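S.K.: Take a look at query_23.txt, compact mmCIF, C-alpha atoms:
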# COMPACT_ATOMS: atom_id res chain seq x y z
CA MET A 25 162.45 134.65 98.25
CA SER A 26 161.60 137.50 95.96
CA LEU A 27 161.06 140.89 97.47
CA ASP A 28 157.46 142.05 97.87
CA TRP A 29 157.40 145.56 96.44
CA SER A 30 153.65 145.98 96.80
CA LEU A 31 154.05 147.55 100.24
CA TYR A 32 156.72 150.00 99.09
CA ASP A 33 155.12 153.41 98.54
CA LYS A 34 156.49 155.62 95.77
CA MET A 35 154.92 158.57 97.54
CA PHE A 36 157.48 158.23 100.33
CA GLU A 37 160.47 158.06 98.03
CA ASN A 38 160.66 161.82 98.49
CA ARG A 39 162.47 162.51 101.75
CA VAL A 40 160.41 165.55 102.72
CA ARG A 41 157.15 163.66 102.33
CA LEU A 42 158.49 160.77 104.41
CA GLN A 43 159.58 163.24 107.09
CA ILE A 44 156.23 165.04 107.13
CA MET A 45 154.46 161.73 107.58
CA SER A 46 156.81 160.72 110.45
CA VAL A 47 155.97 163.91 112.32
CA LEU A 48 152.24 163.48 111.75
CA LEU A 49 152.36 159.92 113.01
CA ALA A 50 154.01 160.95 116.26
CA ASN A 51 151.62 163.86 116.85
CA ASP A 52 147.87 164.38 116.56
CA ASP A 53 148.42 167.39 114.37
CA TYR A 54 151.14 169.89 113.45
CA ASP A 55 151.16 173.35 111.92
CA PHE A 56 153.01 174.67 108.90
CA ASN A 57 155.63 176.69 110.75
CA GLY A 58 156.30 173.85 113.17
CA LEU A 59 156.99 171.53 110.26
CA LYS A 60 159.18 174.12 108.58
CA ASP A 61 161.33 174.56 111.71
CA LEU A 62 161.65 170.84 112.20
CA LEU A 63 162.43 169.84 108.62
CA GLN A 64 164.53 172.91 107.74
CA VAL A 65 163.08 173.23 104.23
CA THR A 66 161.80 176.18 102.23
CA ASP A 67 158.14 177.26 102.25
CA GLY A 68 157.66 176.28 98.61
CA ASN A 69 159.20 172.84 98.99
CA LEU A 70 157.15 172.07 102.08
CA ALA A 71 153.91 173.41 100.57
CA SER A 72 154.20 171.42 97.36
CA ASN A 73 154.92 168.19 99.21
CA LEU A 74 152.04 168.79 101.61
CA LYS A 75 149.84 169.36 98.56
CA SER A 76 150.77 166.05 96.99
CA LEU A 77 150.23 164.17 100.27
CA GLU A 78 146.81 165.78 100.50
CA LYS A 79 145.96 164.85 96.89
CA GLU A 80 146.86 161.25 97.68
CA GLY A 81 144.47 161.38 100.64
CA TYR A 82 147.24 160.73 103.19
CA ILE A 83 146.81 163.93 105.18
CA GLU A 84 144.01 166.33 106.06
CA ILE A 85 144.24 170.10 106.21
CA PHE A 86 142.46 172.32 108.72
CA LYS A 87 142.49 176.02 108.05
CA SER A 88 141.59 178.59 110.65
CA PHE A 89 142.40 182.16 111.56
CA VAL A 90 144.39 183.18 114.61
CA ASP A 91 144.47 186.95 115.14
CA ARG A 92 143.23 187.32 111.56
CA LYS A 93 146.29 185.48 110.25
CA PRO A 94 145.73 182.18 108.46
CA HIS A 95 146.76 179.21 110.56
CA THR A 96 146.98 175.81 108.88
CA ARG A 97 147.16 172.52 110.70
CA TYR A 98 147.81 169.12 109.20
CA SER A 99 146.92 165.67 110.43
CA LYS A 100 147.24 162.14 109.10
CA THR A 101 144.31 160.19 107.68
CA ALA A 102 143.69 156.50 108.35
CA LYS A 103 144.75 155.83 104.77
CA GLY A 104 147.98 157.78 105.25
CA GLN A 105 148.80 155.95 108.45
CA LYS A 106 148.27 152.56 106.80
CA ALA A 107 150.42 153.57 103.82
CA PHE A 108 153.23 154.79 106.10
CA GLU A 109 153.17 151.61 108.19
CA ASN A 110 153.26 149.49 105.03
CA HIS A 111 156.17 151.51 103.72
CA LEU A 112 158.12 150.91 106.94
CA LEU A 113 157.32 147.22 106.64
CA ALA A 114 158.70 147.26 103.10
CA LEU A 115 161.92 148.91 104.31
CA GLU A 116 162.16 146.32 107.07
CA ASN A 117 161.74 143.50 104.57
CA LEU A 118 164.40 145.06 102.39
CA ILE A 119 166.89 144.95 105.25
CA LYS A 120 166.00 141.39 106.19
CA GLN A 121 166.37 140.36 102.56
CA GLN A 122 169.84 141.82 102.29
CA GLN A 123 171.03 140.29 105.53
CA LYS A 124 170.40 136.77 104.22
CA MET B 153 168.57 151.27 97.54
CA ASN B 154 171.10 149.51 99.74
CA GLN B 155 170.95 148.56 103.38
CA ASN B 156 172.79 151.62 104.66
CA ASP B 157 170.42 154.00 102.88
CA VAL B 158 167.45 152.24 104.39
CA LEU B 159 168.95 152.23 107.87
CA LYS B 160 169.73 155.92 107.55
CA GLU B 161 166.19 156.63 106.43
CA ILE B 162 164.72 154.72 109.37
CA GLY B 163 167.06 156.52 111.77
CA GLN B 164 165.84 159.84 110.41
CA ILE B 165 162.20 158.84 110.83
CA ARG B 166 162.86 157.83 114.40
CA SER B 167 164.69 161.02 115.27
CA LEU B 168 161.98 163.19 113.70
CA MET B 169 159.22 161.38 115.56
CA GLU B 170 161.09 161.95 118.79
CA ARG B 171 162.09 165.55 118.11
CA SER B 172 158.58 166.51 117.03
CA SER B 173 156.85 165.09 120.09
CA LYS B 174 159.46 165.56 122.82
CA PHE B 175 160.99 168.75 124.16
CA LEU B 176 164.68 167.93 124.51
CA SER B 177 166.14 171.41 124.91
CA ILE B 178 166.06 171.25 128.70
CA SER B 179 169.64 171.75 129.77
CA GLY B 180 171.22 169.33 132.23
CA LEU B 181 173.50 172.05 133.56
CA SER B 182 170.49 174.21 134.42
CA GLY B 183 169.33 171.29 136.61
CA VAL B 184 172.62 171.50 138.52
CA LEU B 185 172.28 175.28 138.95
CA ILE B 186 168.65 174.98 140.07
CA GLY B 187 169.69 172.38 142.64
CA LEU B 188 172.36 174.75 143.94
CA TYR B 189 169.82 177.60 144.28
CA ALA B 190 167.55 175.27 146.26
CA LEU B 191 170.41 174.28 148.57
CA LEU B 192 171.30 177.95 149.10
CA GLY B 193 167.64 178.69 149.80
CA ALA B 194 167.39 175.81 152.25
CA PHE B 195 170.55 177.00 153.99
CA ALA B 196 169.16 180.53 154.24
CA GLY B 197 165.91 179.12 155.61
CA TYR B 198 167.75 176.98 158.14
CA TYR B 199 169.78 179.97 159.26
CA MET B 200 166.63 182.04 159.61
CA VAL B 201 164.90 179.53 161.83
CA TYR B 202 167.72 177.99 163.83
CA GLY B 203 170.13 180.91 163.74
CA PHE B 204 173.84 180.68 164.50
CA ASN B 205 173.67 181.72 168.14
CA SER B 206 171.91 178.71 169.48
CA GLN B 207 173.68 175.68 170.83
CA PHE B 208 172.71 172.04 170.90
CA GLY B 209 170.19 172.49 168.13
CA TYR B 210 167.92 174.90 169.98
CA ARG B 211 166.08 177.22 167.71
CA ASP B 212 166.31 180.99 167.69
CA TYR B 213 162.86 181.21 166.16
CA TYR B 214 159.86 179.05 165.62
CA VAL B 215 157.98 178.67 162.37
CA THR B 216 154.78 179.63 164.16
CA ASN B 217 156.07 183.20 164.19
CA SER B 218 154.28 184.65 161.18
CA PHE B 219 157.04 187.11 160.32
CA VAL B 220 159.47 184.21 159.93
CA VAL B 221 156.93 182.38 157.78
CA TYR B 222 156.70 185.25 155.32
CA LYS B 223 160.47 185.56 155.17
CA LEU B 224 160.69 181.84 154.42
CA ALA B 225 158.02 182.17 151.74
CA GLY B 226 160.04 185.08 150.31
CA ILE B 227 163.16 182.92 150.08
CA ALA B 228 161.16 180.13 148.43
CA ALA B 229 159.73 182.60 145.89
CA CYS B 230 163.23 183.92 145.09
CA VAL B 231 164.51 180.38 144.54
CA LEU B 232 161.51 179.62 142.31
CA VAL B 233 161.93 182.73 140.15
CA ALA B 234 165.71 182.28 139.82
CA SER B 235 165.22 178.62 138.87
CA LEU B 236 162.56 179.37 136.26
CA LEU B 237 164.67 182.12 134.69
CA THR B 238 167.79 179.94 134.62
CA GLY B 239 165.91 176.96 133.18
CA LEU B 240 164.24 179.06 130.48
CA TRP B 241 167.34 180.97 129.55
CA MET B 242 169.53 177.86 129.25
CA ALA B 243 166.85 175.95 127.31
CA ARG B 244 166.69 178.86 124.88
CA TRP B 245 170.42 178.81 124.49
CA LYS B 246 170.46 175.05 123.89
CA ALA B 247 167.58 175.24 121.41
CA GLY B 248 169.20 178.17 119.65
CA ARG B 249 172.38 176.19 119.06
CA ALA B 250 170.31 173.46 117.38
CA GLY B 251 168.51 176.10 115.29
CA GLN B 252 165.20 175.42 117.02
CA SER B 253 162.79 177.53 118.98
CA ILE B 254 161.74 176.67 122.54
CA TRP B 255 158.11 177.47 121.78
CA ASN B 256 156.89 174.52 119.71
CA ALA B 257 154.24 171.81 119.78
CA ALA B 258 156.28 169.61 122.14
CA SER B 259 157.03 172.35 124.66
CA LYS B 260 153.36 173.37 124.67
CA SER B 261 152.30 169.80 125.45
CA LEU B 262 154.96 169.60 128.15
CA LEU B 263 153.85 172.87 129.73
CA TYR B 264 150.23 171.80 129.71
CA ALA B 265 150.98 168.41 131.28
CA VAL B 266 153.26 169.85 133.97
CA GLY B 267 151.15 172.93 134.61
CA ILE B 268 148.04 171.33 136.07
CA PRO B 269 149.61 169.36 138.96
CA LEU B 270 152.15 172.11 139.58
CA LEU B 271 149.58 174.91 139.86
CA THR B 272 147.38 172.70 142.04
CA GLY B 273 150.30 172.06 144.40
CA GLY B 274 151.30 175.72 144.45
CA LEU B 275 147.76 176.90 145.23
CA LEU B 276 147.34 174.18 147.87
CA SER B 277 150.54 175.34 149.59
CA CYS B 278 149.42 178.98 149.49
CA ILE B 279 146.08 178.03 151.04
CA LEU B 280 147.79 175.95 153.73
CA MET B 281 150.12 178.85 154.50
CA LEU B 282 147.32 181.42 154.70
CA ARG B 283 145.36 179.12 156.99
CA GLY B 284 148.40 178.75 159.22
CA ASP B 285 148.72 175.03 158.63
CA TYR B 286 152.46 174.88 157.95
CA SER B 287 153.12 171.24 158.71
CA MET B 288 152.08 169.93 155.29
CA ILE B 289 153.65 172.53 153.00
CA ALA B 290 157.08 171.01 152.44
CA SER B 291 155.76 167.55 151.69
CA SER B 292 152.85 168.66 149.53
CA LEU B 293 155.21 170.78 147.42
CA LEU B 294 157.47 167.76 146.91
CA VAL B 295 154.59 165.39 146.15
CA PHE B 296 152.88 167.69 143.66
CA TYR B 297 156.18 168.60 142.00
CA GLY B 298 156.89 164.88 141.61
CA LEU B 299 153.45 164.30 140.09
CA ALA B 300 154.04 167.18 137.67
CA LEU B 301 157.35 165.67 136.57
CA CYS B 302 155.76 162.24 136.03
CA ALA B 303 152.97 163.84 134.00
CA GLY B 304 155.48 165.75 131.85
CA SER B 305 157.88 162.85 131.36
CA THR B 306 156.16 161.64 128.18
CA PHE B 307 157.10 164.89 126.48
CA THR B 308 160.78 165.06 127.38
CA PHE B 309 163.72 162.96 128.67
CA LYS B 310 162.47 159.68 130.12
CA GLU B 311 164.73 160.13 133.17
CA ILE B 312 162.32 162.81 134.40
CA ARG B 313 159.87 160.09 135.39
CA TRP B 314 162.35 158.67 137.92
CA LEU B 315 163.12 162.11 139.26
CA GLY B 316 159.36 162.58 139.75
CA ILE B 317 158.89 159.27 141.55
CA LEU B 318 161.80 160.01 143.89
CA GLU B 319 160.37 163.48 144.66
CA ILE B 320 157.02 161.89 145.54
CA LEU B 321 158.70 159.33 147.82
CA LEU B 322 160.69 162.07 149.57
CA GLY B 323 157.49 164.10 150.02
CA LEU B 324 155.72 161.14 151.63
CA LEU B 325 158.73 160.39 153.84
CA ALA B 326 158.83 164.04 154.90
CA LEU B 327 155.30 163.64 156.22
CA CYS B 328 156.47 160.77 158.43
CA PHE B 329 159.36 162.70 159.98
CA PRO B 330 158.13 166.06 161.26
CA GLY B 331 160.97 168.37 162.21
CA TYR B 332 163.23 167.15 159.42
CA ARG B 333 161.14 168.46 156.56
CA LEU B 334 163.66 171.11 155.53
CA TRP B 335 166.21 168.33 155.08
CA PHE B 336 163.86 166.38 152.84
CA TRP B 337 163.08 169.57 150.97
CA ALA B 338 166.78 170.30 150.42
CA MET B 339 167.31 166.69 149.38
CA GLY B 340 164.42 166.74 146.87
CA PHE B 341 164.84 170.17 145.32
CA GLY B 342 168.58 170.46 145.81
CA VAL B 343 170.49 167.19 145.71
CA LEU B 344 168.14 165.31 143.35
CA HIS B 345 168.20 168.14 140.80
CA ILE B 346 171.98 168.21 140.84
CA VAL B 347 172.25 164.44 140.38
CA TYR B 348 169.61 164.49 137.64
CA GLY B 349 171.29 167.41 135.88
CA ILE B 350 174.65 165.61 135.85
CA ILE B 351 173.04 162.42 134.46
CA VAL B 352 171.27 164.29 131.63
CA HIS B 353 174.40 166.30 130.85
CA LYS B 354 176.54 163.15 130.62
CA ARG B 355 174.03 161.20 128.55
CA TYR B 356 172.76 163.79 126.09
CA GLU B 357 175.10 166.79 125.92
When written as structure tokens, how does the structure in this file appear?

M.R.:
Amino acid sequence: MSLDWSLYDKMFENRVRLQIMSVLLANDDYDFNGLKDLLQVTDGNLASNLKSLEKEGYIEIFKSFVDRKPHTRYSKTAKGQKAFENHLLALENLIKQQQK
Amino acid sequence: MNQNDVLKEIGQIRSLMERSSKFLSISGLSGVLIGLYALLGAFAGYYMVYGFNSQFGYRDYYVTNSFVVYKLAGIAACVLVASLLTGLWMARWKAGRAGQSIWNAASKSLLYAVGIPLLTGGLLSCILMLRGDYSMIASSLLVFYGLALCAGSTFTFKEIRWLGILEILLGLLALCFPGYRLWFWAMGFGVLHIVYGIIVHKRYE
């Protein structure tokens, strides 16, 4: 049986992006600082990965102001959720393949 | 990519999903301390009502005496404040060691879920007390506290759900055995917290 790589998502090869998506799948939405605390990454690293996830259409961004400070929340899109689930499926298949 | 890498990756995903949606900084040891406060409070309450002078279980005072009621309410308030402070302080310490803050999305969800039944129960007890209907206070506090724990259990350790169910059962039993309510109260807020705290400490810390 040859391995089906069509489900594997290059987007999630980056660990930070995979982690962001995991958090957004477990929660309705999450804010920037919450993600930063959880993932222990720098502002720039987090921001650039969020940007690329948004470009891909995997996440949505909601900007608002709290006490006149910008407050940004992120949530998954249906497309992002599907892509993440497929990616997990691909990882699962990979393990099954190697166990044979 | 080999199997170990993939397994590690999946493990990380799992842990992140859990850490982001569950508040796991609640300290087991604070549960033990809170249980001890409750036992001390129950002892003080027992002493206040039954006294040490009486023999054969006769009471020195009755709970219908309103001065005694306010003293009992004072003890309960002290136990509550001491428990909250201890719980918060130890959760902060535990979170700090893991480099996390105790004010995050998960703790907010937890607070919101626990807050509604807990406030309802607290207000109900205050109203009962002000109206002089003391017979239901101990059991309604236990029942509503149990409901609050069940409601909050999705956002923290799953063992909390069992603690909640046991508190509810004790509250209902307390209603069936008037005169022994302080014992049920001490059992629910004291002994159960200590047992729960030891279980969480052994399993997770």

S.K.: Restrict the distance test to all atoms listed in the file, flag each residue of chain B within 6 Å of chain A, and return the flagged residues as a list in words.

M.R.: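 Applying the cut-off to the listed atoms yields Gln155, Ile165, Met169 and Ser172 of chain B.
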
S.K.: Looking at all atoms listed in the file, which of B:Leu271, B:Leu321, B:Ala303, B:Val352 is the one that sits closest to Ile178 in chain B?

M.R.: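 Smallest separation from Ile178 in chain B among the options: B:Val352.
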
S.K.: Could you give me, as a list in words, the residues within 10 Å of Leu176 in chain B, counting only C-alpha atoms and dropping anything in the same chain fewer than 3 positions from it?

M.R.: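 With the cut-off at 10 Å, the set is Glu170, Arg171, Ser172, Ser173, Ser179, Ala243, Lys246, Ala247, Ile254, Ala258, Ser259, Phe307, Thr308, Phe309 and Tyr356 of chain B.
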
S.K.: Would you export the selected residues with C-alpha atoms as a compact mmCIF listing (two decimals), in the frame of the given file, please?

M.R.:
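File part-v7.txt, as written:
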# COMPACT_ATOMS: atom_id res chain seq x y z
CA GLU B 170 161.09 161.95 118.79
CA ARG B 171 162.09 165.55 118.11
CA SER B 172 158.58 166.51 117.03
CA SER B 173 156.85 165.09 120.09
CA SER B 179 169.64 171.75 129.77
CA ALA B 243 166.85 175.95 127.31
CA LYS B 246 170.46 175.05 123.89
CA ALA B 247 167.58 175.24 121.41
CA ILE B 254 161.74 176.67 122.54
CA ALA B 258 156.28 169.61 122.14
CA SER B 259 157.03 172.35 124.66
CA PHE B 307 157.10 164.89 126.48
CA THR B 308 160.78 165.06 127.38
CA PHE B 309 163.72 162.96 128.67
CA TYR B 356 172.76 163.79 126.09

S.K.: Tell me, in Å to one decimal, how far CA of Val343 in chain B is from CA of Gly187 in chain B.

M.R.: 6.1 Å

S.K.: Can you pull out every residue within 12 Å of Leu324 in chain B, counting all atoms listed in the file, but drop anything in the same chain fewer than 2 positions away, and send it as a PyMOL selection string?

M.R.: chain B and resi 288-296+298+317-322+326-330+333+336-337+340
